[in-house]
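Participant: Encoded as structure tokens, here's the structure I'll be asking about.
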Amino acid sequence: MAGGNQTNIFEFLLWGLSERPEQQRILFLLFLWMYVVTVAGNLLIVLAIGTDTRLHTPMYFFLASLSCAEILFTSTTVPKALVNIQSQSRSISYAGCMAQLYFFLTFGDMDIFLLATMAYDRYVAICHPLHYTIIMSPWHCTLLVTACWTLTNLVAMTHTFLVFRLSFCSKKVIPDFFCDLGPLMKVSCSDTQVNELVLLFLGGAVILIPFMFILVSYIHIVSAILRVPSAQGRCKAFSTCGSHLAVVALFFGTVIRAYLCPSSSSSDSVEEDTAAAVMYTVVTPLLNPFIYSLRNKDMKGALGRLLRGKVSFLLGQ
């Protein structure tokens with residue numbers, strides 16, 4: 001029954017990764033390596049942007065915000081997965097599961113809204129360059145990021161409160177390595193129709209509206225770039241958008257596969273869902289620092305100056 005007594009629910013079992021004992025050590029080392037590189041890479045981007053005044057522009061302000069969101073996003077799921085692999089335990093408490101769900105939705109949706117905001121920034125910069133400093137003023141940039149955080153928290157609270165209504169009759173096995181909406185609804189013993197409708201309409205809107213906004217923005221951007229008479233100018237304009245487009249394609253491709261494409265309960269489908277979840281929760285945050293730094297001359301210069309400054313400081317000690 002909905003809203004029933006949850007006092008008997010002590011834990012869920014997260015059963016999304018390999019069950020083979022011989023693969024546990026490999027999984028632990030792989031996830032640990034990816035997590036450390038993700039946090040270090042995104043943290044370096046934040047520090048490089050924060051310490052280099054040449055990068056104090058709207059584009060890099062949004063990139064620093066995205067890197068912070070990526071650190072928090074991957075920290076919501078991977079540390080718990082590492083603890084479970086190392087301890088040979090797959091359990092997570094009911095309270096821990098609800099907290100993980102809320103923060104996972106918050107930071108995951110924050111990625112989506114920030115990617116849309118970055119597309120808008122590029123649209124204004126390329127299609128309306130004369131008005132760029134007015135439209136993307138520091139006040140407006142701060143307002144956009146604040147709006148993103150507000151919307152993501154409202155969406156996450158809505159989904160989490162609806163999950164609180166559900167009853168879980170006994171210890172349940174979640175076919176994933178973290179608590180997510182779909183798996184939780186599958187293991188509930190109460191009516192999930194309201195949750196499913198909200199996930200379909202609200203979740204679909206959170207994914208598809210920003211995605212369509214990004215597509216429309218880049219249609220205008222490409223149209224404007226193609227009208228640039230200089231080949232060098234066109235290449236420079238495309239290069240500023242290439243990194244963002246690569247991240248958008250990687251992130252939205254896996255998110256749409258996970259949330260908007262129906263899946264069956266077969267073992268192959270569960271494995272595909274888990275693989276898609278690993279892609280957007282672990283692999284995409286891992287690749288973002290490389291995509292943005294290797295394709296961006298200003299970022300490479302800032303990172304080089306940051307690292308040389310750190311080395312000089314340590315040598316001076």
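Chain labels follow the order of the structure tokens: the first chain is A, the next B, and so on; residue numbering restarts at 1 in every chain, and ligands are counted from 1 in their shown order.
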Run DSSP on the backbone of this structure and report the residues of range 1-250 of chain A it assigns to alpha helix (DSSP H), as a PyMOL selection string.

Facilitator: chain A and resi 24-51+58-87+94-127+132-135+138-164+181-186+193-198+204-226+231-250

Participant: Residues at most 12 Å from Gly301 in chain A, counting only C-alpha atoms, excluding those fewer than 6 positions away in the same chain, as a list in words?

Facilitator: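 Once the adjacent positions are removed, what remains is Ile45, Ala48, Ile49, Asp52, Arg54, Leu55, Ser293, Leu294, Arg295, Leu307 and Arg308 of chain A.
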
Participant: Which neighbours of range 243-252 of chain A fall inside 7 Å, counting only C-alpha atoms, when residues of the same chain fewer than 6 positions from it are skipped, and could you give them as a count of residues only?

Facilitator: 7

Participant: Do you have, as a tab-separated table, the list of residues of range 50-166 of chain A lying at most 9 Å from range 214-217 of chain A, each with its nearest atom pair and that distance in Å to one decimal, counting only C-alpha atoms and ordered by chain then number?

Facilitator:
```
residue	atom	partner	partner_atom	distance
A:Leu115	CA	A:Ile214	CA	7.9
A:Ala116	CA	A:Ile214	CA	5.6
A:Thr117	CA	A:Ile214	CA	8.5
A:Met118	CA	A:Ile214	CA	8.8
A:Ala119	CA	A:Ile214	CA	5.7
A:Tyr120	CA	A:Ser217	CA	6.5
A:Arg122	CA	A:Ser217	CA	8.2
A:Tyr123	CA	A:Ser217	CA	5.8
```

Participant: So which residues touch range 67-71 of chain A within 10 Å, counting only C-alpha atoms, skipping near sequence neighbours fewer than 5 positions away, as a compact mmCIF listing (two decimals) with N, CA and C atoms, in the first residue's frame?

Facilitator:
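Dumped everything to selection08.txt:
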```txt
# COMPACT_ATOMS: atom_id res chain seq x y z
N TYR A 35 37.23 7.35 -10.91
CA TYR A 35 36.75 8.35 -9.96
C TYR A 35 37.84 9.36 -9.62
N THR A 38 38.46 11.57 -12.62
CA THR A 38 37.32 12.48 -12.81
C THR A 38 37.38 13.65 -11.85
N VAL A 39 37.57 13.36 -10.57
CA VAL A 39 37.62 14.44 -9.57
C VAL A 39 38.82 15.33 -9.80
N ALA A 40 39.99 14.73 -10.04
CA ALA A 40 41.20 15.52 -10.25
C ALA A 40 41.10 16.38 -11.50
N GLY A 41 40.61 15.79 -12.60
CA GLY A 41 40.51 16.53 -13.85
C GLY A 41 39.55 17.69 -13.77
N ASN A 42 38.37 17.45 -13.22
CA ASN A 42 37.38 18.53 -13.10
C ASN A 42 37.81 19.59 -12.09
N LEU A 43 38.49 19.14 -11.02
CA LEU A 43 38.99 20.10 -10.03
C LEU A 43 40.07 21.00 -10.64
N LEU A 44 40.92 20.42 -11.49
CA LEU A 44 41.95 21.22 -12.16
C LEU A 44 41.31 22.28 -13.06
N ILE A 45 40.23 21.91 -13.75
CA ILE A 45 39.54 22.88 -14.60
C ILE A 45 38.98 24.02 -13.76
N VAL A 46 38.36 23.70 -12.62
CA VAL A 46 37.81 24.74 -11.74
C VAL A 46 38.93 25.65 -11.24
N PHE A 61 32.95 30.45 -17.01
CA PHE A 61 32.16 30.41 -15.78
C PHE A 61 31.19 29.23 -15.81
N PHE A 62 30.52 29.05 -16.95
CA PHE A 62 29.61 27.91 -17.09
C PHE A 62 30.37 26.59 -17.10
N THR A 76 28.19 11.05 -5.99
CA THR A 76 26.94 10.54 -5.45
C THR A 76 26.84 9.03 -5.57
N THR A 106 19.49 15.62 -8.66
CA THR A 106 19.86 17.04 -8.63
C THR A 106 21.05 17.32 -9.52
N PHE A 107 22.14 16.58 -9.31
CA PHE A 107 23.37 16.87 -10.06
C PHE A 107 23.28 16.37 -11.50
N GLY A 108 22.52 15.30 -11.73
CA GLY A 108 22.33 14.83 -13.10
C GLY A 108 21.54 15.83 -13.93
N ASP A 109 20.45 16.35 -13.36
CA ASP A 109 19.66 17.37 -14.06
C ASP A 109 20.46 18.67 -14.20
N MET A 110 21.33 18.94 -13.22
CA MET A 110 22.16 20.14 -13.32
C MET A 110 23.06 20.07 -14.54
N ASP A 111 23.61 18.90 -14.82
CA ASP A 111 24.41 18.71 -16.04
C ASP A 111 23.60 19.08 -17.28
N LEU A 114 22.94 22.89 -17.45
CA LEU A 114 24.16 23.65 -17.73
C LEU A 114 24.61 23.47 -19.17
N TRP A 149 20.17 25.63 -10.67
CA TRP A 149 20.18 24.93 -9.38
C TRP A 149 18.77 24.86 -8.78
N THR A 281 27.11 8.21 -15.85
CA THR A 281 27.45 8.55 -14.47
C THR A 281 28.95 8.53 -14.20
N VAL A 282 29.70 7.76 -14.98
CA VAL A 282 31.13 7.60 -14.71
C VAL A 282 31.99 8.04 -15.90
N THR A 284 31.25 9.75 -18.86
CA THR A 284 31.12 11.12 -19.35
C THR A 284 31.80 12.13 -18.44
N PRO A 285 31.60 12.10 -17.11
CA PRO A 285 32.34 13.03 -16.24
C PRO A 285 33.86 12.82 -16.33
N LEU A 286 34.28 11.59 -16.62
CA LEU A 286 35.71 11.31 -16.77
C LEU A 286 36.27 11.97 -18.03
N ASN A 288 34.98 14.54 -19.82
CA ASN A 288 34.76 15.99 -19.97
C ASN A 288 36.03 16.82 -19.83
N PRO A 289 36.85 16.61 -18.77
CA PRO A 289 38.07 17.43 -18.66
C PRO A 289 38.99 17.27 -19.86
```

Participant: Under the rule that only C-alpha atoms are counted, which of A:Ala99, A:Cys127, A:Ser65, A:Val173 is the nearest residue to Thr142 in chain A?

Facilitator: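 The answer is A:Ser65, which sits nearest to Thr142 in chain A.
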
Participant: CA of Thr146 in chain A and CA of Phe164 in chain A are how many Å apart?

Facilitator: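 According to the coordinates, CA of Thr146 in chain A and CA of Phe164 in chain A are separated by 26.8 Å.
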
Participant: Would you mind reading off the distance between CA of Glu196 in chain A and CA of Pro79 in chain A, one decimal, in Å?

Facilitator: 28.5 Å

Participant: Go ahead and compute the interatomic distance for CA of Thr160 in chain A and CA of Leu208 in chain A, in Å to one decimal.

Facilitator: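 Going from CA of Thr160 in chain A over to CA of Leu208 in chain A, I get 20.6 Å.
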
Participant: Which one is closest to Phe161 in chain A: A:Val124, A:Ala277, A:Val194, A:Ile135? Count only C-alpha atoms.

Facilitator: A:Val194

Participant: Quick one: residues within 9 Å of Leu162 in chain A, only C-alpha atoms, excluding same-chain residues fewer than 3 positions away - as number ranges by chain?

Facilitator: A: 157-159, 165-166, 194-195, 198

Participant: From the set A:Pro58, A:Leu105, A:Ile26, A:His131, which residue has the shortest atom-to-atom contact distance to Ile85 in chain A, counting only C-alpha atoms?

Facilitator: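 That would be A:Ile26, the residue with the smallest distance to Ile85 in chain A.
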
Participant: For Leu14 in chain A, find every residue with an atom within 12 Å (counting only C-alpha atoms), except residues of its own chain fewer than 4 positions away, and show them as a VMD selection string.

Facilitator: chain A and resid 18 to 19 77 80 to 85 88 to 94 96 to 97 171 to 180 183 to 184 187 274

Participant: With only C-alpha atoms as the basis for distance, which of A:Leu13, A:Leu181, A:Val283, A:Met59 is at the shortest distance from Met98 in chain A?

Facilitator: A:Leu181
